[in-house]
file coords.cif (mmCIF, N, CA and C atoms)
data_input
#
loop_
_atom_site.label_atom_id
_atom_site.label_comp_id
_atom_site.auth_asym_id
_atom_site.auth_seq_id
_atom_site.Cartn_x
_atom_site.Cartn_y
_atom_site.Cartn_z
N GLU A 1 9.51 -84.04 97.03
CA GLU A 1 8.91 -82.73 96.80
C GLU A 1 8.30 -82.20 98.10
N VAL A 2 8.39 -80.90 98.28
CA VAL A 2 7.87 -80.25 99.48
C VAL A 2 6.60 -79.47 99.11
N GLN A 3 5.61 -79.59 99.96
CA GLN A 3 4.38 -78.83 99.77
C GLN A 3 4.22 -77.84 100.92
N LEU A 4 3.70 -76.66 100.60
CA LEU A 4 3.49 -75.62 101.60
C LEU A 4 2.07 -75.10 101.49
N GLN A 5 1.45 -74.93 102.65
CA GLN A 5 0.08 -74.44 102.72
C GLN A 5 0.02 -73.28 103.69
N ALA A 6 -0.20 -72.09 103.17
CA ALA A 6 -0.28 -70.89 104.01
C ALA A 6 -1.72 -70.63 104.42
N SER A 7 -1.89 -70.12 105.64
CA SER A 7 -3.22 -69.77 106.13
C SER A 7 -3.09 -68.70 107.20
N GLY A 8 -4.23 -68.15 107.60
CA GLY A 8 -4.25 -67.20 108.70
C GLY A 8 -4.45 -65.75 108.31
N GLY A 9 -4.52 -65.47 107.02
CA GLY A 9 -4.73 -64.10 106.60
C GLY A 9 -6.13 -63.61 106.95
N GLY A 10 -6.33 -62.31 106.77
CA GLY A 10 -7.64 -61.75 107.06
C GLY A 10 -7.61 -60.24 107.03
N LEU A 11 -8.70 -59.66 107.51
CA LEU A 11 -8.84 -58.21 107.58
C LEU A 11 -8.68 -57.77 109.02
N VAL A 12 -7.82 -56.79 109.26
CA VAL A 12 -7.56 -56.32 110.62
C VAL A 12 -7.36 -54.81 110.57
N GLN A 13 -7.67 -54.14 111.66
CA GLN A 13 -7.45 -52.70 111.74
C GLN A 13 -5.98 -52.41 112.04
N ALA A 14 -5.55 -51.25 111.66
CA ALA A 14 -4.18 -50.82 111.96
C ALA A 14 -3.92 -50.94 113.46
N GLY A 15 -2.77 -51.44 113.79
CA GLY A 15 -2.42 -51.67 115.18
C GLY A 15 -2.75 -53.06 115.68
N GLY A 16 -3.51 -53.79 114.89
CA GLY A 16 -3.92 -55.13 115.28
C GLY A 16 -2.87 -56.18 114.97
N SER A 17 -3.26 -57.44 115.20
CA SER A 17 -2.33 -58.56 115.03
C SER A 17 -2.98 -59.68 114.23
N LEU A 18 -2.13 -60.43 113.55
CA LEU A 18 -2.53 -61.65 112.88
C LEU A 18 -1.39 -62.65 113.01
N ARG A 19 -1.73 -63.94 112.97
CA ARG A 19 -0.71 -64.96 112.95
C ARG A 19 -0.91 -65.83 111.71
N LEU A 20 0.10 -65.83 110.86
CA LEU A 20 0.07 -66.68 109.67
C LEU A 20 0.73 -68.02 109.98
N SER A 21 0.23 -69.06 109.35
CA SER A 21 0.80 -70.39 109.50
C SER A 21 1.17 -70.93 108.13
N CYS A 22 2.27 -71.65 108.08
CA CYS A 22 2.69 -72.32 106.86
C CYS A 22 2.94 -73.79 107.20
N ALA A 23 2.04 -74.65 106.76
CA ALA A 23 2.20 -76.08 106.97
C ALA A 23 3.15 -76.63 105.91
N VAL A 24 4.20 -77.29 106.36
CA VAL A 24 5.25 -77.77 105.45
C VAL A 24 5.26 -79.29 105.48
N THR A 25 5.04 -79.92 104.35
CA THR A 25 5.02 -81.38 104.29
C THR A 25 5.87 -81.87 103.12
N GLY A 26 6.20 -83.15 103.17
CA GLY A 26 7.00 -83.73 102.12
C GLY A 26 8.28 -84.31 102.65
N PHE A 27 8.83 -85.23 101.91
CA PHE A 27 10.05 -85.91 102.33
C PHE A 27 11.18 -84.91 102.48
N GLY A 28 11.82 -84.94 103.63
CA GLY A 28 12.96 -84.08 103.87
C GLY A 28 12.62 -82.62 104.12
N SER A 29 11.36 -82.34 104.42
CA SER A 29 10.96 -80.94 104.58
C SER A 29 11.68 -80.26 105.74
N ASP A 30 12.09 -81.02 106.74
CA ASP A 30 12.82 -80.45 107.87
C ASP A 30 14.16 -79.86 107.45
N ASP A 31 14.66 -80.27 106.29
CA ASP A 31 15.96 -79.81 105.82
C ASP A 31 15.89 -78.48 105.06
N TYR A 32 14.70 -77.94 104.94
CA TYR A 32 14.52 -76.72 104.16
C TYR A 32 14.38 -75.49 105.05
N ALA A 33 15.01 -74.42 104.63
CA ALA A 33 14.75 -73.12 105.23
C ALA A 33 13.41 -72.62 104.69
N ILE A 34 12.70 -71.86 105.50
CA ILE A 34 11.38 -71.36 105.13
C ILE A 34 11.36 -69.84 105.19
N GLY A 35 10.74 -69.24 104.20
CA GLY A 35 10.63 -67.79 104.18
C GLY A 35 9.20 -67.34 103.95
N TRP A 36 8.90 -66.17 104.47
CA TRP A 36 7.63 -65.50 104.19
C TRP A 36 7.91 -64.33 103.26
N PHE A 37 7.14 -64.24 102.22
CA PHE A 37 7.23 -63.15 101.25
C PHE A 37 5.86 -62.47 101.16
N ARG A 38 5.84 -61.28 100.59
CA ARG A 38 4.56 -60.63 100.36
C ARG A 38 4.61 -59.86 99.05
N GLN A 39 3.43 -59.70 98.48
CA GLN A 39 3.33 -58.96 97.23
C GLN A 39 2.07 -58.10 97.27
N ALA A 40 2.28 -56.80 97.21
CA ALA A 40 1.18 -55.85 97.17
C ALA A 40 0.83 -55.57 95.71
N PRO A 41 -0.38 -55.11 95.44
CA PRO A 41 -0.77 -54.83 94.05
C PRO A 41 0.19 -53.85 93.38
N GLY A 42 0.66 -54.22 92.20
CA GLY A 42 1.55 -53.36 91.43
C GLY A 42 2.99 -53.34 91.90
N LYS A 43 3.30 -54.17 92.89
CA LYS A 43 4.66 -54.19 93.43
C LYS A 43 5.28 -55.57 93.26
N GLU A 44 6.60 -55.62 93.38
CA GLU A 44 7.30 -56.89 93.27
C GLU A 44 7.16 -57.68 94.58
N ARG A 45 7.30 -58.98 94.46
CA ARG A 45 7.29 -59.82 95.65
C ARG A 45 8.56 -59.55 96.45
N GLU A 46 8.41 -59.38 97.76
CA GLU A 46 9.55 -59.06 98.62
C GLU A 46 9.61 -60.00 99.81
N VAL A 47 10.82 -60.22 100.29
CA VAL A 47 11.00 -61.08 101.45
C VAL A 47 10.61 -60.31 102.70
N VAL A 48 9.95 -61.01 103.61
CA VAL A 48 9.52 -60.44 104.88
C VAL A 48 10.36 -61.00 106.02
N SER A 49 10.45 -62.33 106.08
CA SER A 49 11.17 -62.98 107.17
C SER A 49 11.50 -64.41 106.77
N CYS A 50 12.61 -64.93 107.34
CA CYS A 50 13.04 -66.28 107.01
C CYS A 50 13.53 -66.97 108.27
N VAL A 51 13.49 -68.30 108.25
CA VAL A 51 14.02 -69.09 109.36
C VAL A 51 14.77 -70.27 108.77
N SER A 52 15.90 -70.60 109.37
CA SER A 52 16.72 -71.70 108.88
C SER A 52 16.05 -73.04 109.17
N SER A 53 16.60 -74.10 108.61
CA SER A 53 16.00 -75.42 108.75
C SER A 53 15.91 -75.84 110.22
N GLY A 54 16.91 -75.53 111.00
CA GLY A 54 16.89 -75.89 112.41
C GLY A 54 16.16 -74.90 113.29
N GLY A 55 15.84 -73.75 112.73
CA GLY A 55 15.13 -72.73 113.49
C GLY A 55 16.02 -71.77 114.25
N GLY A 56 17.33 -72.00 114.20
CA GLY A 56 18.22 -71.19 115.01
C GLY A 56 18.61 -69.85 114.42
N THR A 57 18.40 -69.68 113.13
CA THR A 57 18.77 -68.44 112.46
C THR A 57 17.54 -67.83 111.81
N THR A 58 17.35 -66.55 112.06
CA THR A 58 16.21 -65.85 111.48
C THR A 58 16.65 -64.57 110.79
N TYR A 59 15.80 -64.09 109.91
CA TYR A 59 16.04 -62.84 109.19
C TYR A 59 14.73 -62.07 109.12
N TYR A 60 14.84 -60.75 109.27
CA TYR A 60 13.67 -59.89 109.13
C TYR A 60 14.00 -58.71 108.23
N ALA A 61 13.09 -58.38 107.35
CA ALA A 61 13.23 -57.16 106.58
C ALA A 61 13.13 -55.96 107.53
N ASP A 62 13.82 -54.89 107.20
CA ASP A 62 13.82 -53.72 108.07
C ASP A 62 12.41 -53.22 108.34
N SER A 63 11.54 -53.35 107.37
CA SER A 63 10.19 -52.80 107.49
C SER A 63 9.34 -53.52 108.53
N VAL A 64 9.76 -54.71 108.96
CA VAL A 64 8.95 -55.48 109.90
C VAL A 64 9.69 -55.78 111.20
N LYS A 65 10.94 -55.40 111.30
CA LYS A 65 11.72 -55.67 112.51
C LYS A 65 11.03 -55.06 113.74
N GLY A 66 10.97 -55.86 114.79
CA GLY A 66 10.36 -55.38 116.01
C GLY A 66 8.85 -55.56 116.05
N ARG A 67 8.25 -55.89 114.90
CA ARG A 67 6.79 -56.07 114.85
C ARG A 67 6.41 -57.52 114.50
N PHE A 68 7.19 -58.17 113.68
CA PHE A 68 6.91 -59.54 113.24
C PHE A 68 7.89 -60.50 113.90
N THR A 69 7.40 -61.71 114.18
CA THR A 69 8.25 -62.76 114.73
C THR A 69 7.99 -64.06 113.99
N ILE A 70 9.06 -64.69 113.53
CA ILE A 70 8.94 -65.97 112.84
C ILE A 70 9.37 -67.07 113.80
N ARG A 71 8.65 -68.17 113.74
CA ARG A 71 8.97 -69.29 114.63
C ARG A 71 8.67 -70.59 113.90
N ARG A 72 9.57 -71.54 114.10
CA ARG A 72 9.44 -72.82 113.42
C ARG A 72 9.19 -73.91 114.43
N ASP A 73 8.18 -74.72 114.21
CA ASP A 73 7.87 -75.86 115.07
C ASP A 73 7.96 -77.11 114.19
N ASN A 74 9.14 -77.73 114.18
CA ASN A 74 9.33 -78.89 113.31
C ASN A 74 8.49 -80.08 113.75
N ALA A 75 8.18 -80.16 115.03
CA ALA A 75 7.33 -81.26 115.51
C ALA A 75 5.94 -81.18 114.88
N LYS A 76 5.50 -79.96 114.60
CA LYS A 76 4.20 -79.74 113.99
C LYS A 76 4.31 -79.44 112.50
N ASN A 77 5.54 -79.46 111.99
CA ASN A 77 5.76 -79.17 110.56
C ASN A 77 5.13 -77.85 110.13
N THR A 78 5.27 -76.87 110.99
CA THR A 78 4.62 -75.58 110.73
C THR A 78 5.57 -74.43 111.06
N VAL A 79 5.51 -73.40 110.23
CA VAL A 79 6.24 -72.16 110.49
C VAL A 79 5.20 -71.06 110.68
N PHE A 80 5.36 -70.32 111.77
CA PHE A 80 4.41 -69.26 112.11
C PHE A 80 5.04 -67.89 111.87
N LEU A 81 4.21 -66.95 111.48
CA LEU A 81 4.63 -65.55 111.39
C LEU A 81 3.64 -64.74 112.22
N GLN A 82 4.08 -64.33 113.39
CA GLN A 82 3.26 -63.48 114.25
C GLN A 82 3.46 -62.04 113.83
N MET A 83 2.37 -61.38 113.47
CA MET A 83 2.46 -60.01 112.98
C MET A 83 1.70 -59.10 113.93
N ASN A 84 2.43 -58.23 114.59
CA ASN A 84 1.85 -57.27 115.53
C ASN A 84 2.00 -55.85 115.01
N SER A 85 1.25 -54.94 115.61
CA SER A 85 1.31 -53.52 115.24
C SER A 85 1.21 -53.34 113.72
N LEU A 86 0.25 -54.00 113.15
CA LEU A 86 0.11 -53.98 111.70
C LEU A 86 -0.22 -52.59 111.18
N LYS A 87 0.30 -52.30 110.00
CA LYS A 87 0.12 -51.02 109.35
C LYS A 87 -0.58 -51.22 108.00
N PRO A 88 -1.25 -50.21 107.50
CA PRO A 88 -1.87 -50.36 106.17
C PRO A 88 -0.88 -50.79 105.09
N GLU A 89 0.37 -50.36 105.21
CA GLU A 89 1.37 -50.74 104.21
C GLU A 89 1.79 -52.20 104.29
N ASP A 90 1.30 -52.92 105.30
CA ASP A 90 1.54 -54.36 105.37
C ASP A 90 0.53 -55.13 104.53
N THR A 91 -0.45 -54.44 103.98
CA THR A 91 -1.46 -55.10 103.16
C THR A 91 -0.81 -55.72 101.93
N ALA A 92 -1.06 -57.01 101.74
CA ALA A 92 -0.45 -57.74 100.63
C ALA A 92 -0.95 -59.19 100.66
N VAL A 93 -0.61 -59.91 99.61
CA VAL A 93 -0.76 -61.37 99.64
C VAL A 93 0.55 -61.92 100.19
N TYR A 94 0.44 -62.74 101.21
CA TYR A 94 1.62 -63.31 101.85
C TYR A 94 1.80 -64.76 101.39
N TYR A 95 3.04 -65.09 101.05
CA TYR A 95 3.39 -66.42 100.57
C TYR A 95 4.48 -67.02 101.44
N CYS A 96 4.43 -68.34 101.65
CA CYS A 96 5.58 -68.99 102.26
C CYS A 96 6.31 -69.78 101.18
N ALA A 97 7.61 -69.93 101.39
CA ALA A 97 8.47 -70.56 100.39
C ALA A 97 9.52 -71.38 101.10
N ALA A 98 10.07 -72.37 100.39
CA ALA A 98 11.06 -73.26 100.97
C ALA A 98 12.26 -73.40 100.03
N ASP A 99 13.43 -73.43 100.62
CA ASP A 99 14.64 -73.66 99.84
C ASP A 99 15.65 -74.40 100.72
N ARG A 100 16.47 -75.23 100.11
CA ARG A 100 17.48 -75.95 100.88
C ARG A 100 18.52 -74.99 101.46
N ASP A 101 18.70 -73.86 100.82
CA ASP A 101 19.66 -72.88 101.29
C ASP A 101 18.95 -71.64 101.85
N PHE A 102 19.56 -71.06 102.86
CA PHE A 102 18.98 -69.89 103.52
C PHE A 102 19.14 -68.64 102.67
N ASP A 103 20.28 -68.53 101.99
CA ASP A 103 20.61 -67.29 101.29
C ASP A 103 19.60 -66.87 100.21
N PRO A 104 19.14 -67.78 99.36
CA PRO A 104 18.17 -67.34 98.35
C PRO A 104 16.92 -66.71 98.95
N LEU A 105 16.50 -67.19 100.11
CA LEU A 105 15.34 -66.62 100.77
C LEU A 105 15.67 -65.24 101.30
N VAL A 106 16.80 -65.12 101.99
CA VAL A 106 17.19 -63.85 102.59
C VAL A 106 17.35 -62.77 101.52
N HIS A 107 17.92 -63.15 100.40
CA HIS A 107 18.18 -62.19 99.34
C HIS A 107 17.00 -62.03 98.38
N GLY A 108 15.90 -62.71 98.70
CA GLY A 108 14.68 -62.53 97.90
C GLY A 108 14.82 -62.95 96.46
N LEU A 109 15.59 -64.03 96.22
CA LEU A 109 15.81 -64.50 94.85
C LEU A 109 14.60 -65.33 94.41
N VAL A 110 13.53 -64.62 94.15
CA VAL A 110 12.22 -65.23 93.93
C VAL A 110 12.26 -66.33 92.89
N TYR A 111 12.93 -66.10 91.78
CA TYR A 111 12.88 -67.06 90.68
C TYR A 111 13.76 -68.28 90.91
N GLY A 112 14.62 -68.23 91.93
CA GLY A 112 15.48 -69.36 92.19
C GLY A 112 15.08 -70.22 93.36
N ILE A 113 13.98 -69.87 94.01
CA ILE A 113 13.56 -70.58 95.21
C ILE A 113 12.85 -71.88 94.84
N ASP A 114 13.10 -72.92 95.63
CA ASP A 114 12.67 -74.27 95.26
C ASP A 114 11.15 -74.45 95.23
N TYR A 115 10.48 -74.07 96.29
CA TYR A 115 9.05 -74.35 96.40
C TYR A 115 8.29 -73.14 96.95
N TRP A 116 7.06 -72.99 96.48
CA TRP A 116 6.17 -71.92 96.94
C TRP A 116 4.82 -72.50 97.36
N GLY A 117 4.24 -71.87 98.36
CA GLY A 117 2.87 -72.19 98.70
C GLY A 117 1.94 -71.19 98.04
N GLN A 118 0.67 -71.42 98.19
CA GLN A 118 -0.29 -70.44 97.67
C GLN A 118 -0.33 -69.27 98.64
N GLY A 119 -0.87 -68.16 98.25
CA GLY A 119 -0.85 -66.99 99.10
C GLY A 119 -2.05 -66.90 100.02
N THR A 120 -1.92 -66.06 101.03
CA THR A 120 -3.03 -65.73 101.91
C THR A 120 -3.09 -64.21 102.02
N GLN A 121 -4.29 -63.66 101.87
CA GLN A 121 -4.44 -62.21 101.82
C GLN A 121 -4.46 -61.61 103.21
N VAL A 122 -3.65 -60.57 103.40
CA VAL A 122 -3.67 -59.78 104.63
C VAL A 122 -4.06 -58.36 104.25
N THR A 123 -5.11 -57.86 104.87
CA THR A 123 -5.57 -56.50 104.61
C THR A 123 -5.64 -55.74 105.92
N VAL A 124 -4.93 -54.63 105.97
CA VAL A 124 -4.91 -53.80 107.18
C VAL A 124 -5.60 -52.48 106.86
N SER A 125 -6.68 -52.21 107.55
CA SER A 125 -7.43 -50.99 107.30
C SER A 125 -6.95 -49.87 108.22
N SER A 126 -7.02 -48.65 107.73
CA SER A 126 -6.55 -47.51 108.52
C SER A 126 -7.65 -46.94 109.39
#
call {"tool": "encode", "arguments": {"input": "coords.cif", "output": "structure tokens"}}
result
Amino acid sequence: EVQLQASGGGLVQAGGSLRLSCAVTGFGSDDYAIGWFRQAPGKEREVVSCVSSGGGTTYYADSVKGRFTIRRDNAKNTVFLQMNSLKPEDTAVYYCAADRDFDPLVHGLVYGIDYWGQGTQVTVSS
């Protein structure tokens, strides 16, 4: 079983930056692709960014391209999401998730994803 622990959320002004961390532990965790999702009040959970198990393939939602960067450090068992130029519409609870396959994460197949971490709140004030 894989466990995920998200951290790094907070309150920031528009234009600011935050870095989220997802600590990934458990047997075989290096074999899992990792994704970041977010869910704003009254909205469905959506995929933000994903990274393959080896770190060589990444995906970004159009809404965050050019502003967010995902990076995987398998030596530290951690996946980072650097968020720059934050906007009020980025406000949401952010979750990290793990799946053996990259596609379910990329396609945001929320109900089919293997493991989820708890969320971390990101609030961007205008």
call {"tool": "resolve_selection", "arguments": {"input": "coords.cif", "expression": "the PyMOL selection byres ((chain A and resi 38) around 6.5)", "output": "ChimeraX atom specification"}}
result
/A:36-37,39-40,44-48,92-95
call {"tool": "atom_distance", "arguments": {"input": "coords.cif", "atom1": "atom N of Arg100 in chain A", "atom2": "CA of Lys43 in chain A"}}
result
25.0 Å
call {"tool": "residues_around", "arguments": {"input": "coords.cif", "residues": "range 19-34 of chain A", "least_positions_apart": "4", "cutoff": "10 Å", "atoms": "only C-alpha atoms", "output": "VMD selection string"}}
result
chain A and resid 1 to 10 49 to 55 57 to 58 68 to 84 94 to 106 114 to 118 120 122
call {"tool": "residues_around", "arguments": {"input": "coords.cif", "residues": "Ser126 in chain A", "least_positions_apart": "4", "cutoff": "7 Å", "atoms": "only C-alpha atoms", "output": "PDB file with N, CA and C atoms, keeping the file's coordinate frame"}}
result
ATOM      1  N   GLN A  13      -7.670 -54.140 111.660  1.00  0.00           N
ATOM      2  CA  GLN A  13      -7.450 -52.700 111.740  1.00  0.00           C
ATOM      3  C   GLN A  13      -5.980 -52.410 112.040  1.00  0.00           C
ATOM      4  N   ALA A  14      -5.550 -51.250 111.660  1.00  0.00           N
ATOM      5  CA  ALA A  14      -4.180 -50.820 111.960  1.00  0.00           C
ATOM      6  C   ALA A  14      -3.920 -50.940 113.460  1.00  0.00           C
ATOM      7  N   PRO A  88      -1.250 -50.210 107.500  1.00  0.00           N
ATOM      8  CA  PRO A  88      -1.870 -50.360 106.170  1.00  0.00           C
ATOM      9  C   PRO A  88      -0.880 -50.790 105.090  1.00  0.00           C
TER      10      PRO A  88
END
call {"tool": "select_by_dssp", "arguments": {"input": "coords.cif", "residues": "range 38-103 of chain A", "states": "helix (DSSP H, G or I)", "output": "list in words"}}
result
Pro88, Glu89, Asp90, Phe102 and Asp103 of chain A
call {"tool": "write_last_selection", "arguments": {"input": "coords.cif", "atoms": "N, CA and C atoms", "output": "short mmCIF file (atom, residue, chain, number, x, y, z; two decimals), in the coordinates of the input"}}
result
data_model
loop_
_atom_site.label_atom_id
_atom_site.label_comp_id
_atom_site.auth_asym_id
_atom_site.auth_seq_id
_atom_site.Cartn_x
_atom_site.Cartn_y
_atom_site.Cartn_z
N PRO A 88 -1.25 -50.21 107.50
CA PRO A 88 -1.87 -50.36 106.17
C PRO A 88 -0.88 -50.79 105.09
N GLU A 89 0.37 -50.36 105.21
CA GLU A 89 1.37 -50.74 104.21
C GLU A 89 1.79 -52.20 104.29
N ASP A 90 1.30 -52.92 105.30
CA ASP A 90 1.54 -54.36 105.37
C ASP A 90 0.53 -55.13 104.53
N PHE A 102 19.56 -71.06 102.86
CA PHE A 102 18.98 -69.89 103.52
C PHE A 102 19.14 -68.64 102.67
N ASP A 103 20.28 -68.53 101.99
CA ASP A 103 20.61 -67.29 101.29
C ASP A 103 19.60 -66.87 100.21
#
call {"tool": "resolve_selection", "arguments": {"input": "coords.cif", "expression": "the PyMOL selection byres ((chain A and resi 86) around 8)", "output": "ChimeraX atom specification"}}
result
/A:12-18,67,83-85,87-91,124-125
call {"tool": "atom_distance", "arguments": {"input": "coords.cif", "atom1": "CA of Gly42 in chain A", "atom2": "CA of Ile113 in chain A"}}
result
21.3 Å
call {"tool": "decode", "arguments": {"input": "coords.cif", "residues": "range 104-123 of chain A", "atoms": "N, CA, C and O atoms", "output": "mmCIF file, in the first residue's frame"}}
result
data_model
loop_
_atom_site.group_PDB
_atom_site.id
_atom_site.type_symbol
_atom_site.label_atom_id
_atom_site.label_comp_id
_atom_site.auth_asym_id
_atom_site.auth_seq_id
_atom_site.Cartn_x
_atom_site.Cartn_y
_atom_site.Cartn_z
ATOM 1 N N PRO A 104 -4.788 7.375 -16.046
ATOM 2 C CA PRO A 104 -5.898 7.756 -15.162
ATOM 3 C C PRO A 104 -5.702 9.107 -14.490
ATOM 4 O O PRO A 104 -6.660 9.858 -14.269
ATOM 5 N N LEU A 105 -4.456 9.438 -14.176
ATOM 6 C CA LEU A 105 -4.173 10.732 -13.565
ATOM 7 C C LEU A 105 -4.364 11.843 -14.586
ATOM 8 O O LEU A 105 -5.023 12.844 -14.312
ATOM 9 N N VAL A 106 -3.802 11.663 -15.767
ATOM 10 C CA VAL A 106 -3.879 12.688 -16.805
ATOM 11 C C VAL A 106 -5.331 12.974 -17.180
ATOM 12 O O VAL A 106 -5.718 14.123 -17.391
ATOM 13 N N HIS A 107 -6.121 11.930 -17.251
ATOM 14 C CA HIS A 107 -7.515 12.078 -17.662
ATOM 15 C C HIS A 107 -8.447 12.380 -16.487
ATOM 16 O O HIS A 107 -9.664 12.478 -16.676
ATOM 17 N N GLY A 108 -7.856 12.541 -15.303
ATOM 18 C CA GLY A 108 -8.663 12.940 -14.144
ATOM 19 C C GLY A 108 -9.718 11.940 -13.755
ATOM 20 O O GLY A 108 -10.811 12.309 -13.314
ATOM 21 N N LEU A 109 -9.402 10.640 -13.895
ATOM 22 C CA LEU A 109 -10.372 9.590 -13.573
ATOM 23 C C LEU A 109 -10.378 9.376 -12.055
ATOM 24 O O LEU A 109 -9.871 8.375 -11.548
ATOM 25 N N VAL A 110 -10.969 10.326 -11.382
ATOM 26 C CA VAL A 110 -10.887 10.420 -9.924
ATOM 27 C C VAL A 110 -11.266 9.122 -9.234
ATOM 28 O O VAL A 110 -10.580 8.659 -8.311
ATOM 29 N N TYR A 111 -12.340 8.491 -9.673
ATOM 30 C CA TYR A 111 -12.846 7.318 -8.958
ATOM 31 C C TYR A 111 -12.037 6.055 -9.239
ATOM 32 O O TYR A 111 -12.201 5.061 -8.555
ATOM 33 N N GLY A 112 -11.157 6.106 -10.234
ATOM 34 C CA GLY A 112 -10.373 4.928 -10.548
ATOM 35 C C GLY A 112 -8.933 4.980 -10.084
ATOM 36 O O GLY A 112 -8.175 4.044 -10.327
ATOM 37 N N ILE A 113 -8.555 6.064 -9.432
ATOM 38 C CA ILE A 113 -7.170 6.243 -9.021
ATOM 39 C C ILE A 113 -6.881 5.449 -7.756
ATOM 40 O O ILE A 113 -7.708 5.391 -6.846
ATOM 41 N N ASP A 114 -5.678 4.873 -7.696
ATOM 42 C CA ASP A 114 -5.362 3.903 -6.644
ATOM 43 C C ASP A 114 -5.329 4.507 -5.234
ATOM 44 O O ASP A 114 -5.921 3.961 -4.308
ATOM 45 N N TYR A 115 -4.587 5.578 -5.055
ATOM 46 C CA TYR A 115 -4.383 6.120 -3.713
ATOM 47 C C TYR A 115 -4.493 7.640 -3.710
ATOM 48 O O TYR A 115 -4.070 8.296 -4.660
ATOM 49 N N TRP A 116 -4.991 8.163 -2.598
ATOM 50 C CA TRP A 116 -5.122 9.612 -2.400
ATOM 51 C C TRP A 116 -4.499 10.014 -1.072
ATOM 52 O O TRP A 116 -4.577 9.272 -0.091
ATOM 53 N N GLY A 117 -3.929 11.203 -1.065
ATOM 54 C CA GLY A 117 -3.506 11.783 0.185
ATOM 55 C C GLY A 117 -4.578 12.720 0.704
ATOM 56 O O GLY A 117 -5.588 12.961 0.031
ATOM 57 N N GLN A 118 -4.349 13.236 1.885
ATOM 58 C CA GLN A 118 -5.293 14.234 2.404
ATOM 59 C C GLN A 118 -5.010 15.557 1.704
ATOM 60 O O GLN A 118 -3.994 15.704 1.050
ATOM 61 N N GLY A 119 -5.889 16.490 1.769
ATOM 62 C CA GLY A 119 -5.710 17.735 1.046
ATOM 63 C C GLY A 119 -4.965 18.786 1.846
ATOM 64 O O GLY A 119 -4.836 18.695 3.070
ATOM 65 N N THR A 120 -4.483 19.791 1.135
ATOM 66 C CA THR A 120 -3.889 20.959 1.754
ATOM 67 C C THR A 120 -4.522 22.191 1.118
ATOM 68 O O THR A 120 -4.640 22.275 -0.102
ATOM 69 N N GLN A 121 -4.940 23.136 1.946
ATOM 70 C CA GLN A 121 -5.684 24.291 1.457
ATOM 71 C C GLN A 121 -4.754 25.346 0.893
ATOM 72 O O GLN A 121 -3.767 25.733 1.530
ATOM 73 N N VAL A 122 -5.076 25.813 -0.304
ATOM 74 C CA VAL A 122 -4.377 26.943 -0.916
ATOM 75 C C VAL A 122 -5.403 28.054 -1.118
ATOM 76 O O VAL A 122 -6.430 27.846 -1.763
ATOM 77 N N THR A 123 -5.114 29.217 -0.563
ATOM 78 C CA THR A 123 -6.004 30.361 -0.705
ATOM 79 C C THR A 123 -5.218 31.527 -1.273
ATOM 80 O O THR A 123 -4.184 31.915 -0.719
#
